[in-house]
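Novice: One structure is given below, represented as structure tokens, and several questions about it will come after.
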Amino acid sequence: MKQDRSEALEIAVYAGIILLQSGAEIFRVDETVERITRAYGVESCSSFVLSSGLFTTAGNQQEEYFAKVRHVPLSGARLDKVEAVNELSREIARGQHTPQQALEQLRQIDTMPRRPAPARLAASGLGSACFCLMFGGSLPDAFGSFWAGLLLYLWLMAVEDKKLSKITTTLLGSAAATLACLLLFRLGVGQDLNQMVIGSIVPLLPGLPFTIAIRDIADGDYIAGSVRMLDALLVALCIGGGVVLVYTFYYRLTGGWF
Amino acid sequence: MPLQLAAAFLGTAAFALLFYVPARHYLSCGLTGALGWGCYLALQPALSAPEAAFCAAALTALLSRIFAIREKCPVTAFLISGILPLVPGAGIYWTTYFMLTGQSAEALRRGVETGKIAAAMVLAIVLVFELPQGLFRVFGRRARP
């Protein structure tokens, strides 16, 4: 019986970690941990979730004591994993999986493959081009944005599994996109450099941390929300910083604005 | 305008792919983005940018909740992709640009406006998510027998 309880918590915490890593809100993690432990008959579980860690304990007079603490670094969006874990936890609550099956399923979700690189590159380029058009760029501008956005994503993919800080990644990414736009512009692609750059930096925009921060703060999870909001703010500053970097160099080298 | 709407649809769907939203939701993600951006554009002549962003973000959040119920998927999938057109990326760029070129007054104006837009979006999303879940149940599809 004791074995079963710790196994239930193991599964619940594993599910919580996957959710947290993939960009889920705090209340969803909380709810999922609770739902899974209850489904496996642990009544005394309580958890404390931050955006960078998970603390779970269980135990009272009737049940065995158990605790688990895990640190979870902030990382990118994997909404496919969020949906899969969400679905699985509901199935567990309906009693459709034994603990072993659930653990196996979670391992599968955890190792879900990334989307193929060409598809992601194309999506980044297409997204940049579309956003350039939306913000008032012309078709030639969008063409420039497409290639800059594609190049930017190439950089993001190159550092995806490296331990490079988000600040450096964003700063250099923004600089690379701006530089690409500048070069294309000098080669005669596009009519308005500003619109091209605005489109090409969109893949860096902190849409995910911003949205999650709002939801966490609205749910009363202030600490987690503030961490995410700070993340969003820093990313925004780094995007600006990258643009400044390239433009300043250009100004010093050529002695004039474009 | 139609070109911009089409661009918003395609752009949002493209970013949905980058966020790993499951493929069956691309259509709804694109629709959320396009309608939100359409709302922003339609209101822009009459209202200030933050006011328009407020209405557009509220619409985006509403649509996200409806799609989340209809397609039984966490609301984040639609909200994150749909909100992206409204995130003031252009504001960030112009603030930096004017600061760099020494036009401090213009930089300050843009910076404050960017902050206002972000705040308006926060307000709109918080308000819509305070609405009780029961209101959205009518959009759920009944399980097949």
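Residue names in the structure tokens use chain letters A, B, ... in the order shown, residue numbers from 1 in each chain, and ligand numbers from 1 in the order shown.
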Return as a Markdown table the residues of chain A lying at most 6 Å from chain B, together with the closest atom-to-atom pair for each and the distance in Å to one decimal, counting only C-alpha atoms, with rows in chain order and ascending residue number.

Specialist:
| residue | atom | partner | partner_atom | distance |
| --- | --- | --- | --- | --- |
| A:Ala77 | CA | B:Phe19 | CA | 5.2 |
| A:Arg78 | CA | B:Tyr20 | CA | 5.3 |
| A:Leu79 | CA | B:Val21 | CA | 5.2 |
| A:Asp80 | CA | B:Val21 | CA | 5.4 |
| A:Ala123 | CA | B:Ala14 | CA | 4.8 |
| A:Gly127 | CA | B:Gly11 | CA | 4.2 |
| A:Cys130 | CA | B:Ala7 | CA | 4.6 |
| A:Met134 | CA | B:Gln4 | CA | 4.9 |
| A:Ile198 | CA | B:Ala90 | CA | 5.6 |
| A:Gly207 | CA | B:Leu84 | CA | 5.8 |
| A:Leu208 | CA | B:Ile80 | CA | 5.8 |
| A:Ala218 | CA | B:Val126 | CA | 5.9 |
| A:Gly240 | CA | B:Thr96 | CA | 5.6 |

Novice: Do a neighbour search on Ser200 in chain A at 9 Å with only C-alpha atoms, toss out local chain neighbours closer than 6 positions, and write the hits as a list in words.

Specialist: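 Returned residues: Ser124, Gly125, Gly127, Ser128, Ala129, Phe131, Cys132, Ala142, Gly144, Ser145, Phe146, Trp147, Ala148, Gly149, Leu150, Leu152, Ser174, Ala177, Thr178 and Cys181 of chain A.
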
Novice: Would you output that residue set with C-alpha atoms, as a PDB file, in the first residue's frame?

Specialist:
ATOM      1  CA  SER A 124       8.853  31.419 -38.613  1.00  0.00           C
ATOM      2  CA  GLY A 125       9.514  33.052 -41.975  1.00  0.00           C
ATOM      3  CA  GLY A 127       4.849  34.408 -39.544  1.00  0.00           C
ATOM      4  CA  SER A 128       7.357  37.242 -39.823  1.00  0.00           C
ATOM      5  CA  ALA A 129       6.209  38.109 -43.338  1.00  0.00           C
ATOM      6  CA  PHE A 131       3.150  40.282 -39.254  1.00  0.00           C
ATOM      7  CA  CYS A 132       5.131  42.690 -41.403  1.00  0.00           C
ATOM      8  CA  ALA A 142       7.277  41.206 -46.216  1.00  0.00           C
ATOM      9  CA  GLY A 144      12.593  40.754 -46.697  1.00  0.00           C
ATOM     10  CA  SER A 145      10.983  39.928 -43.342  1.00  0.00           C
ATOM     11  CA  PHE A 146      10.447  36.356 -44.486  1.00  0.00           C
ATOM     12  CA  TRP A 147      14.155  35.700 -44.940  1.00  0.00           C
ATOM     13  CA  ALA A 148      15.156  37.574 -41.793  1.00  0.00           C
ATOM     14  CA  GLY A 149      12.577  35.660 -39.735  1.00  0.00           C
ATOM     15  CA  LEU A 150      13.818  32.393 -41.203  1.00  0.00           C
ATOM     16  CA  LEU A 152      16.418  34.247 -36.865  1.00  0.00           C
ATOM     17  CA  SER A 174      17.275  40.315 -32.446  1.00  0.00           C
ATOM     18  CA  ALA A 177      17.347  39.623 -37.585  1.00  0.00           C
ATOM     19  CA  THR A 178      18.062  43.353 -37.729  1.00  0.00           C
ATOM     20  CA  CYS A 181      17.051  43.149 -42.724  1.00  0.00           C
TER      21      CYS A 181
END

Novice: Restricting the calculation to only C-alpha atoms: of B:Arg65, B:Val138, B:Val128, B:Gly115, which residue gets closest to Leu233 in chain A?

Specialist: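 The shortest atom-to-atom distance to Leu233 in chain A comes from B:Gly115.
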
Novice: Could you work out how far CA of Val243 in chain A lies from CA of Ser165 in chain A, giving the answer in Å with one decimal?

Specialist: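 Separating CA of Ser165 in chain A from CA of Val243 in chain A is a distance of 18.4 Å.
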
Novice: What does the structure give for the distance between CA of Pro209 in chain A and CA of Leu88 in chain A, in Å to one decimal?

Specialist: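 Value for the CA of Pro209 in chain A-CA of Leu88 in chain A distance: 24.6 Å.
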
Novice: Please extract the residues of range 94-140 of chain A with a backbone DSSP assignment of helix (DSSP H, G or I) and present them as a ChimeraX atom specification.

Specialist: /A:99-110,117-134,139-140

Novice: From the set A:Val244, A:Leu204, A:Leu193, A:Ala58, which residue has the shortest atom-to-atom contact distance to Glu43 in chain A, counting only C-alpha atoms?

Specialist: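 The closest residue to Glu43 in chain A is A:Ala58.
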
Novice: Tell me which protein, DNA and RNA residues are within 9 Å of Ala213 in chain A, counting only C-alpha atoms, leaving out same-chain ones fewer than 3 positions away, and put them as a list of chain:residue names.

Specialist: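 In the requested form, the answer reads A:Glu25, A:Leu208, A:Pro209, A:Phe210, A:Asp216, A:Ile217, A:Ala218, A:Tyr222, A:Ala224, A:Gly225, A:Ser226, A:Val227, A:Arg228, A:Met229, A:Leu230, A:Ala232.
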
Novice: Using only C-alpha atoms, which of B:Leu135, B:Ala120, B:Ile69, B:Ala61 sits nearest Arg215 in chain A?

Specialist: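 Nearest candidate to Arg215 in chain A out of B:Leu135, B:Ala120, B:Ile69, B:Ala61: B:Ala61.
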
Novice: Restricting the calculation to only C-alpha atoms, which member of A:Gly23, A:Gly190, A:Gly95, A:Gly16 is positioned closest to Phe48 in chain A?

Specialist: A:Gly16

Novice: Using only C-alpha atoms, which residues sit within 9 Å of Asn86 in chain A once same-chain residues fewer than 3 positions away are excluded, as a ChimeraX atom specification?

Specialist: /A:15,19,28,32,81-83,89-91 /B:73-74

Novice: Out of A:Val246, A:Ala236, A:Leu20, A:Gln62, which residue has the shortest atom-to-atom distance to Ala180 in chain A when counting only C-alpha atoms?

Specialist: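 Ranking A:Val246, A:Ala236, A:Leu20, A:Gln62 by distance to Ala180 in chain A, first place goes to A:Val246.
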
Novice: Name the closest residue to Asp161 in chain A among the candidates A:Ile17, A:Thr111, A:Ser75, A:Val197; distances are taken between atoms, counting only C-alpha atoms.

Specialist: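 Under the stated criterion, the closest residue is A:Ser75.
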
Novice: Excluding same-chain residues fewer than 4 positions from Gln191 in chain A, what lies within 12 Å of it counting only C-alpha atoms, as a PDB file with C-alpha atoms, in the first residue's frame?

Specialist:
ATOM      1  CA  GLY A 136       1.546  48.178 -42.557  1.00  0.00           C
ATOM      2  CA  GLY A 137       4.530  46.844 -44.486  1.00  0.00           C
ATOM      3  CA  SER A 138       4.337  46.386 -48.248  1.00  0.00           C
ATOM      4  CA  LEU A 139       4.757  43.070 -50.079  1.00  0.00           C
ATOM      5  CA  PRO A 140       8.473  43.644 -50.828  1.00  0.00           C
ATOM      6  CA  ASP A 141       9.003  44.451 -47.135  1.00  0.00           C
ATOM      7  CA  ALA A 142       7.277  41.206 -46.216  1.00  0.00           C
ATOM      8  CA  PHE A 143       9.597  39.365 -48.585  1.00  0.00           C
ATOM      9  CA  GLY A 144      12.593  40.754 -46.697  1.00  0.00           C
ATOM     10  CA  SER A 145      10.983  39.928 -43.342  1.00  0.00           C
ATOM     11  CA  CYS A 181      17.051  43.149 -42.724  1.00  0.00           C
ATOM     12  CA  LEU A 182      19.689  45.843 -43.032  1.00  0.00           C
ATOM     13  CA  LEU A 184      18.664  42.920 -47.571  1.00  0.00           C
ATOM     14  CA  PHE A 185      17.592  46.540 -47.518  1.00  0.00           C
ATOM     15  CA  ARG A 186      20.980  47.701 -48.776  1.00  0.00           C
ATOM     16  CA  LEU A 187      20.762  45.088 -51.519  1.00  0.00           C
ATOM     17  CA  GLN A 195       8.603  47.637 -41.236  1.00  0.00           C
ATOM     18  CA  MET A 196      10.942  44.821 -42.231  1.00  0.00           C
ATOM     19  CA  VAL A 197      12.609  44.756 -38.809  1.00  0.00           C
ATOM     20  CA  PHE A 258      19.776  54.638 -43.722  1.00  0.00           C
TER      21      PHE A 258
END

Novice: Do you have the CA of Leu172 in chain A-CA of Gly242 in chain A distance handy?

Specialist: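 Going from CA of Leu172 in chain A over to CA of Gly242 in chain A, I get 6.2 Å.
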
Novice: I need the residues in range 63-256 of chain A that are strand (DSSP E) according to DSSP; give them as a short mmCIF file (atom, residue, chain, number, x, y, z; two decimals) with C-alpha atoms, in the first residue's frame.

Specialist:
data_model
loop_
_atom_site.label_atom_id
_atom_site.label_comp_id
_atom_site.auth_asym_id
_atom_site.auth_seq_id
_atom_site.Cartn_x
_atom_site.Cartn_y
_atom_site.Cartn_z
CA PHE A 66 6.02 11.56 1.57
CA ALA A 67 7.61 14.67 0.10
CA LYS A 68 9.08 15.66 -3.21
CA VAL A 69 10.74 18.88 -4.36
CA ARG A 70 11.80 19.51 -7.93
CA HIS A 71 13.44 22.46 -9.60
#
